[in-house]
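Right, one structure below, let's go through it.
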Amino acid sequence: MWDRLRYWFDGTMDRGVSALMAWLALASAALITVVTTLVVLLTDEDTEANGGWGGVAWMSLLRTLDPGTMGGDDGGPVFLALMLTVTLGGIFIVSALIGVLTTGLEARLQRLRKGRSRIIERDHTILLGWSEQVFTVVAELVEANQSERRSCVVVLADRDKVDMEEQIRLRVPDTGQTRVICRSGSPLKREDLELVSPDTAKSIMVLPPTGDDRDTNVIKTLLLLNNRSWNSTRPHVVAAVQDSDNLAVARLAAGSGALVIDADDFAVRLVVQSHRQTGLSTVCDELLSFFGNEIYMRREPALAGTTYGEALSRYELGVPIGIHRGDGGTRVNPAMDTVIGAEDSMIVIAEDDLLIRLTDDRPEVLSSAVVSTPGRAAVPDRTLMIGWNSRAPKIINLLDQLVRDGSVIDVAAPRRPDEALEAERVNLTVGHKVCEPTSRRSLESLDLGGYQHIIVLSDESVDPDLADDRTLVTLLHLRDIEVGLGDPYSIVTEMNDDANREVAQVTKADDFIVSTKLICLLLTQLAENGALYEVLADLFDPAGSEIYLKPAGDYLRAGTEANFATVVEAARRRGETAIGYRTAGHGDRAPRYGVRLNPSRSEPLVLDEADHVIVLAEN
């Protein structure tokens with residue numbers, strides 16, 4: 001029986017702070033009851049002097065809580081001895097109570113530090129996973145939610161909560177009215193996912209993690225979300241896979257309610273397009289970022305019945321780039337005679353949706369400044385690709401579809417890519433030259449003056465930071481060699497970290513492709529507005545109209561003062577949509593590198609031969 005009682009007592013003690021406090025309260029009550037009863041039984045005069053049983057019980061309680069109270073007691077020896085006994089017992093009980101409370105409070109604080117408590121939020125954005133790009137996403141969401149009175153971003157990752165919050169605070173010091181909450185847990189575990197209240201979230205972003213199994217983790221997370229029982233409408237889910245071969249599996253795992261982006265394909269398109277028209281990545285960075293100009297959809301009843309070409313000159317603020325049909329379907333840079341329906345929405349580039357405005361007072365178009373001669377005929381390209389990685393074969397395949405017949409690309413790498421060289425091409429001839437990218441002597445042996453474009457690929461066999469360091473050395477060699485040749489060639493390079501891009505500006509490379517950053521910007525845009533998916537898919541599809549930076553001399557007479565309304569009209573006559581321009585004189589100045597989107601229609605504008613007009617066109 002004694003063993004059973006002790007076992008039962010041990011079981012109650014294991015129940016935590018509440019059980020310990022209950023036992024201490026019971027011990028206090030028992031001590032006060034026993035001492036009061038003994039005082040009543042053994043000291044008649046002292047009992048009567050202190051108000052009977054109730055008065056003695058109250059005195060005992062006070063001495064239990066405050067030992068100093070007995071210092072003023074008067075009475076017989078038995079009474080004083082019993083009061084001393086209750087005081088000593090009270091010292092033990094209160095000390096134990098303080099210890100229990102301290103331990104319980106420390107345990108609670110430790111639990112909060114571990115980030116294991118469930119959040120209670122609504123319409124918040126959930127970021128699943130942790131990578132270097134989480135800071136980019138948080139900064140973009142903070143900018144996107146500036147007009148919101150109350151917004152929340154929740155990060156769930158298998159890292160220490162305090163460490164995550166400290167890193168975000170250092171990298172994104174000003175979060176405005178957006179609260180950033182971190183929780184420690186694995187996005188691959190159902191019970192950890194419940195910590196971030198997915199049922200009440202506005203959107204969920206699955207960030208691409210680092211490591212060899214990053215696509216596997218993304219697919220498992222998407223499968224977990226798809227198979228979850230939702231208490232309400234399922235929030236919008238966006239994710240990206242790094243390997244194109246995993247795209248079909250990821251979309252199957254995600255289900256019909258999610259958007260999965262092919263990050264590898266997106267990076268390849270940016271490299272190919274940018275190497276032929278430098279500055280494209282800066283344009284994409286601004287369109288996909290919440291800083292500067294963005295893409296909006298807005299109905300304009302006043303434009304119903306007019307054509308798209310006529311609508312181009314009707315905007316005082318904002319630049320239209322396409323039409324979203326009321327019955328579904330998106331057309332970027334449609335034919336100029338396309339009629340706008342009453343239920344259609346205009347797709348517009350603007351700094352804010354409040355800064356989109358029509359006008360009947362159209363700026364003057366200076367017809368004398370418009371160039372009416374056809375654009376320059378395309379000529380075969382000569383391209384040099386320095387380095388080799390998993391994206392190189394896809395770059396060559398896509399380039400073969402875009403260049404003219406007779407174009408050449410030479411691969412400068414330590415090893416010969418036999419499979420790429422032996423594949424059949426339609427327009428492109430692929431060659432190989434042995435080269436060590438960081439060696440000056442090896443680069444000089446490539447006859448760089450014979451190439452129009454140079455692509456520098458990131459080395460995937462080493463750590464990303466080391467790969468960026470090697471790329472930086474290669475770029476410095478290339479620019480120094482170019483100074484000696486006096487025959488400029490464009491340089492487009494891949495970078496892994498956007499911070500290294502700022503360091504690399506001393507090389508004066510024409511364009512930097514930080515694909516991880518651009519992918520995160522794309523995911524953030526889709527998380528905030530899933531309707532943009534069709535617009536962006538059409539915009540980056542080689543089969544339709546794309547973004548081009550074309551010589552300004554094809555639109556305006558060089559050195560002639562005009563305005564951007566004249567540029568819009570010149571592009572319209574070619575079946576193109578002008579959205580901005582790039583000045584060569586500011587091409588190496590951060591952060592815009594000479595790119596100006598959605599400029600004022602009426603301000604004076606003078607463009608030279610080295611400048612470019614940014615247009616949406618089919619070729």
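In the structure tokens, chains take the letters A, B, ... in the order shown, each chain's residues start at 1, and ligands count up from 1 in the order shown.
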
Practice item. From a DSSP calculation on the backbone, collect every residue of range 190-361 of chain A in alpha helix (DSSP H) and output the set as a PyMOL selection string. Key: chain A and resi 190-193+214-226+247-254+263-276+280-288+308-311

**Study point:** Among listed residues A:Ala250, A:Met495, A:Leu41, A:Val430, nearest Leu466 in chain A (using only C-alpha atoms)
**Key:** A:Met495

Exercise for review: Choose the residue, out of A:Arg357, A:His453, A:Arg501, A:Arg415, that has the smallest atom-to-atom separation from Pro437 in chain A; count only C-alpha atoms.
Suggested key: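 When distances to Pro437 in chain A are compared using only C-alpha atoms, the smallest one comes from A:Arg415.
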
Check your understanding: Can you tell me, as a list in words, what residues are no more than 6 Å from Val238 in chain A when counting only C-alpha atoms, ignoring any on the same chain fewer than 6 positions away?
Key ->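 In the requested form, the answer reads Met205, Ala258, Leu259 and Val260 of chain A.
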
Those selected residues, please, written with all heavy atoms and delivered as a CSV table (one decimal), in the first residue's frame.
```
chain,number,residue,atom,x,y,z
A,205,MET,N,4.1,30.6,-49.2
A,205,MET,CA,5.2,30.5,-50.1
A,205,MET,C,6.1,29.4,-49.7
A,205,MET,O,6.5,29.4,-48.5
A,205,MET,CB,6.0,31.8,-50.2
A,205,MET,CG,5.2,32.9,-50.9
A,205,MET,SD,6.2,34.5,-50.9
A,205,MET,CE,7.7,33.9,-51.8
A,258,ALA,N,-2.5,25.4,-56.7
A,258,ALA,CA,-1.1,25.9,-56.4
A,258,ALA,C,-0.4,26.3,-57.7
A,258,ALA,O,-0.8,25.7,-58.7
A,258,ALA,CB,-0.3,25.0,-55.6
A,259,LEU,N,0.5,27.2,-57.6
A,259,LEU,CA,1.4,27.6,-58.7
A,259,LEU,C,2.8,27.1,-58.5
A,259,LEU,O,3.4,27.5,-57.4
A,259,LEU,CB,1.3,29.1,-58.9
A,259,LEU,CG,0.0,29.7,-59.4
A,259,LEU,CD1,0.1,31.2,-59.5
A,259,LEU,CD2,-0.3,29.2,-60.8
A,260,VAL,N,3.4,26.4,-59.4
A,260,VAL,CA,4.7,25.9,-59.3
A,260,VAL,C,5.5,26.4,-60.4
A,260,VAL,O,5.2,26.2,-61.6
A,260,VAL,CB,4.8,24.4,-59.2
A,260,VAL,CG1,6.3,23.9,-59.0
A,260,VAL,CG2,4.0,23.8,-58.1
```

Exercise for review: To one decimal in Å, tell me the separation between CA of Leu156 in chain A and CA of Glu106 in chain A.
Suggested key: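 Taking CA of Leu156 in chain A and CA of Glu106 in chain A, their separation equals 23.6 Å.
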
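Here the question is which of A:Ile396, A:Val35, A:Cys182, A:Ala578 gets nearest to Glu424 in chain A using only C-alpha atoms, and that residue is A:Ile396.
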
Check your understanding: Which one is closest to Val613 in chain A: A:Val94, A:Ala413, A:Val39, A:Val283? Count only C-alpha atoms.
Key -> A:Val283

Point to revise | Residue neighbourhood Arg269 in chain A, 10 Å, only C-alpha atoms, exclusion window fewer than 4 positions, as number ranges by chain | key: A: 264-265, 273-274, 394-395, 398-399, 540-542

Please provide as a PDB file with N, CA and C atoms, in the first residue's frame all residues within 6 Å of range 511-522 of chain A, with the sequence filter that same-chain residues fewer than 6 positions apart are discarded (counting only C-alpha atoms).
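Full text of part_0.pdb as output:
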```
ATOM      1  N   ALA A 267      15.636  31.038 -65.303  1.00  0.00           N
ATOM      2  CA  ALA A 267      17.013  31.537 -65.313  1.00  0.00           C
ATOM      3  C   ALA A 267      17.634  31.422 -66.693  1.00  0.00           C
ATOM      4  N   THR A 278      21.496  43.637 -73.253  1.00  0.00           N
ATOM      5  CA  THR A 278      21.887  43.885 -71.868  1.00  0.00           C
ATOM      6  C   THR A 278      20.977  44.920 -71.223  1.00  0.00           C
ATOM      7  N   GLY A 279      20.731  44.695 -69.939  1.00  0.00           N
ATOM      8  CA  GLY A 279      19.835  45.555 -69.178  1.00  0.00           C
ATOM      9  C   GLY A 279      18.499  44.909 -68.893  1.00  0.00           C
ATOM     10  N   LEU A 288       9.245  42.893 -61.241  1.00  0.00           N
ATOM     11  CA  LEU A 288       8.894  41.843 -60.288  1.00  0.00           C
ATOM     12  C   LEU A 288       9.001  42.313 -58.845  1.00  0.00           C
ATOM     13  N   SER A 289       9.666  43.447 -58.638  1.00  0.00           N
ATOM     14  CA  SER A 289       9.816  43.962 -57.280  1.00  0.00           C
ATOM     15  C   SER A 289       8.658  44.880 -56.940  1.00  0.00           C
ATOM     16  N   VAL A 492      27.541  39.267 -70.018  1.00  0.00           N
ATOM     17  CA  VAL A 492      26.438  38.908 -69.125  1.00  0.00           C
ATOM     18  C   VAL A 492      26.907  37.744 -68.270  1.00  0.00           C
ATOM     19  N   THR A 493      26.687  37.838 -66.978  1.00  0.00           N
ATOM     20  CA  THR A 493      27.202  36.802 -66.092  1.00  0.00           C
ATOM     21  C   THR A 493      26.176  36.393 -65.050  1.00  0.00           C
ATOM     22  N   GLU A 494      26.317  35.165 -64.575  1.00  0.00           N
ATOM     23  CA  GLU A 494      25.477  34.645 -63.491  1.00  0.00           C
ATOM     24  C   GLU A 494      26.145  34.930 -62.154  1.00  0.00           C
ATOM     25  N   MET A 495      25.347  35.332 -61.176  1.00  0.00           N
ATOM     26  CA  MET A 495      25.817  35.503 -59.804  1.00  0.00           C
ATOM     27  C   MET A 495      24.877  34.746 -58.885  1.00  0.00           C
ATOM     28  N   ASN A 496      25.410  34.225 -57.796  1.00  0.00           N
ATOM     29  CA  ASN A 496      24.599  33.485 -56.837  1.00  0.00           C
ATOM     30  C   ASN A 496      24.031  34.367 -55.740  1.00  0.00           C
TER      31      ASN A 496
END
```

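With distances restricted to only C-alpha atoms, A:Ala302 is the closest residue to Gly341 in chain A from A:Ala302, A:Cys152, A:Ile168, A:Ile491.
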
Point to revise | Among listed residues A:Ser458, A:Thr359, A:Asn145, A:Thr429, nearest Gly406 in chain A (using only C-alpha atoms) | key: A:Thr429

Review point. Near Arg299 in chain A, counting only C-alpha atoms, which residues have an atom at most 9 Å away, once you skip same-chain residues fewer than 2 positions from it, shown as a ChimeraX atom specification?
Key: /A:297,301-303,342-347

Could those residues be written to a file, using N, CA and C atoms, as a PDB file, in the first residue's frame?
```pdb
ATOM      1  N   MET A 297      -3.720  45.117 -62.934  1.00  0.00           N
ATOM      2  CA  MET A 297      -4.875  44.903 -63.805  1.00  0.00           C
ATOM      3  C   MET A 297      -5.987  45.839 -63.350  1.00  0.00           C
ATOM      4  N   PRO A 301     -13.707  51.478 -68.021  1.00  0.00           N
ATOM      5  CA  PRO A 301     -14.918  51.568 -68.857  1.00  0.00           C
ATOM      6  C   PRO A 301     -14.820  52.630 -69.936  1.00  0.00           C
ATOM      7  N   ALA A 302     -14.040  53.675 -69.682  1.00  0.00           N
ATOM      8  CA  ALA A 302     -13.927  54.751 -70.661  1.00  0.00           C
ATOM      9  C   ALA A 302     -13.232  54.296 -71.937  1.00  0.00           C
ATOM     10  N   LEU A 303     -12.488  53.190 -71.881  1.00  0.00           N
ATOM     11  CA  LEU A 303     -11.768  52.698 -73.058  1.00  0.00           C
ATOM     12  C   LEU A 303     -12.564  51.654 -73.838  1.00  0.00           C
ATOM     13  N   ALA A 342     -16.125  45.830 -72.875  1.00  0.00           N
ATOM     14  CA  ALA A 342     -16.607  46.478 -71.652  1.00  0.00           C
ATOM     15  C   ALA A 342     -16.196  45.712 -70.402  1.00  0.00           C
ATOM     16  N   GLU A 343     -16.029  44.388 -70.523  1.00  0.00           N
ATOM     17  CA  GLU A 343     -15.665  43.564 -69.371  1.00  0.00           C
ATOM     18  C   GLU A 343     -14.165  43.314 -69.270  1.00  0.00           C
ATOM     19  N   ASP A 344     -13.399  43.881 -70.194  1.00  0.00           N
ATOM     20  CA  ASP A 344     -11.960  43.649 -70.205  1.00  0.00           C
ATOM     21  C   ASP A 344     -11.251  44.541 -69.177  1.00  0.00           C
ATOM     22  N   SER A 345     -10.070  44.075 -68.751  1.00  0.00           N
ATOM     23  CA  SER A 345      -9.205  44.863 -67.861  1.00  0.00           C
ATOM     24  C   SER A 345      -7.912  45.175 -68.590  1.00  0.00           C
ATOM     25  N   MET A 346      -7.427  46.365 -68.390  1.00  0.00           N
ATOM     26  CA  MET A 346      -6.147  46.760 -68.973  1.00  0.00           C
ATOM     27  C   MET A 346      -5.010  46.314 -68.060  1.00  0.00           C
ATOM     28  N   ILE A 347      -3.957  45.812 -68.659  1.00  0.00           N
ATOM     29  CA  ILE A 347      -2.750  45.442 -67.924  1.00  0.00           C
ATOM     30  C   ILE A 347      -1.797  46.626 -68.034  1.00  0.00           C
TER      31      ILE A 347
END
```

Give me the residues near Asp262 in chain A as a compact mmCIF listing (two decimals) with N, CA, C and O atoms, in the first residue's frame, where near means some atom within 8 Å (using only C-alpha atoms) and where sequence neighbours in that chain fewer than 2 positions away do not count.
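Okay, around.txt is ready:
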```
# COMPACT_ATOMS: atom_id res chain seq x y z
N ALA A 240 8.65 26.94 -56.18
CA ALA A 240 9.53 26.85 -57.34
C ALA A 240 10.42 25.62 -57.20
O ALA A 240 10.84 25.28 -56.08
N VAL A 241 10.68 24.95 -58.31
CA VAL A 241 11.62 23.83 -58.34
C VAL A 241 12.82 24.24 -59.16
O VAL A 241 12.71 25.01 -60.12
N GLN A 242 13.98 23.73 -58.78
CA GLN A 242 15.22 24.11 -59.45
C GLN A 242 15.52 23.25 -60.67
O GLN A 242 16.19 23.69 -61.59
N ASP A 243 15.04 22.02 -60.69
CA ASP A 243 15.29 21.10 -61.80
C ASP A 243 14.03 20.97 -62.63
O ASP A 243 12.96 20.61 -62.12
N SER A 244 14.13 21.26 -63.91
CA SER A 244 12.96 21.20 -64.80
C SER A 244 12.34 19.82 -64.84
O SER A 244 11.13 19.68 -65.07
N LEU A 247 9.40 19.38 -62.45
CA LEU A 247 8.26 20.29 -62.52
C LEU A 247 6.94 19.55 -62.56
O LEU A 247 6.00 19.89 -61.83
N VAL A 260 3.36 26.36 -59.38
CA VAL A 260 4.73 25.90 -59.25
C VAL A 260 5.53 26.43 -60.44
O VAL A 260 5.15 26.21 -61.60
N ASP A 264 14.69 26.87 -63.05
CA ASP A 264 15.79 26.63 -63.98
C ASP A 264 15.46 27.19 -65.36
O ASP A 264 16.29 27.86 -65.99
N ASP A 265 14.26 26.96 -65.84
CA ASP A 265 13.84 27.47 -67.14
C ASP A 265 13.81 29.00 -67.14
O ASP A 265 14.21 29.64 -68.12
N PHE A 266 13.34 29.58 -66.06
CA PHE A 266 13.28 31.04 -65.95
C PHE A 266 14.68 31.64 -66.01
O PHE A 266 14.91 32.64 -66.70
```

Review point. As number ranges by chain, which residues of range 182-216 of chain A does DSSP assign to strand (DSSP E)?
Key: A: 182-184, 203-206

Residues from last step as file, N, CA, C and O atoms, as a tab-separated table (two decimals), in the first residue's frame:
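Contents of part33.tsv, freshly written:
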```tsv
chain	number	residue	atom	x	y	z
A	182	CYS	N	8.42	34.44	-36.25
A	182	CYS	CA	9.16	33.22	-36.60
A	182	CYS	C	8.74	32.08	-35.70
A	182	CYS	O	8.50	32.27	-34.50
A	183	ARG	N	8.67	30.89	-36.26
A	183	ARG	CA	8.38	29.68	-35.51
A	183	ARG	C	9.37	28.60	-35.92
A	183	ARG	O	9.68	28.45	-37.11
A	184	SER	N	9.85	27.86	-34.92
A	184	SER	CA	10.81	26.78	-35.17
A	184	SER	C	10.07	25.48	-35.41
A	184	SER	O	9.27	25.05	-34.58
A	203	SER	N	-1.83	33.54	-48.05
A	203	SER	CA	-1.03	32.84	-49.05
A	203	SER	C	0.11	32.11	-48.36
A	203	SER	O	0.50	32.46	-47.24
A	204	ILE	N	0.65	31.11	-49.05
A	204	ILE	CA	1.76	30.31	-48.54
A	204	ILE	C	2.83	30.24	-49.61
A	204	ILE	O	2.55	29.87	-50.76
A	205	MET	N	4.06	30.59	-49.24
A	205	MET	CA	5.19	30.49	-50.15
A	205	MET	C	6.13	29.40	-49.67
A	205	MET	O	6.54	29.40	-48.50
A	206	VAL	N	6.47	28.49	-50.56
A	206	VAL	CA	7.44	27.43	-50.25
A	206	VAL	C	8.77	27.89	-50.82
A	206	VAL	O	8.98	27.83	-52.04
```

Check your understanding: Do you have the CA of Leu80 in chain A-CA of Leu31 in chain A distance handy?
Key ->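 Atom-to-atom, CA of Leu80 in chain A and CA of Leu31 in chain A are spaced 15.5 Å apart.
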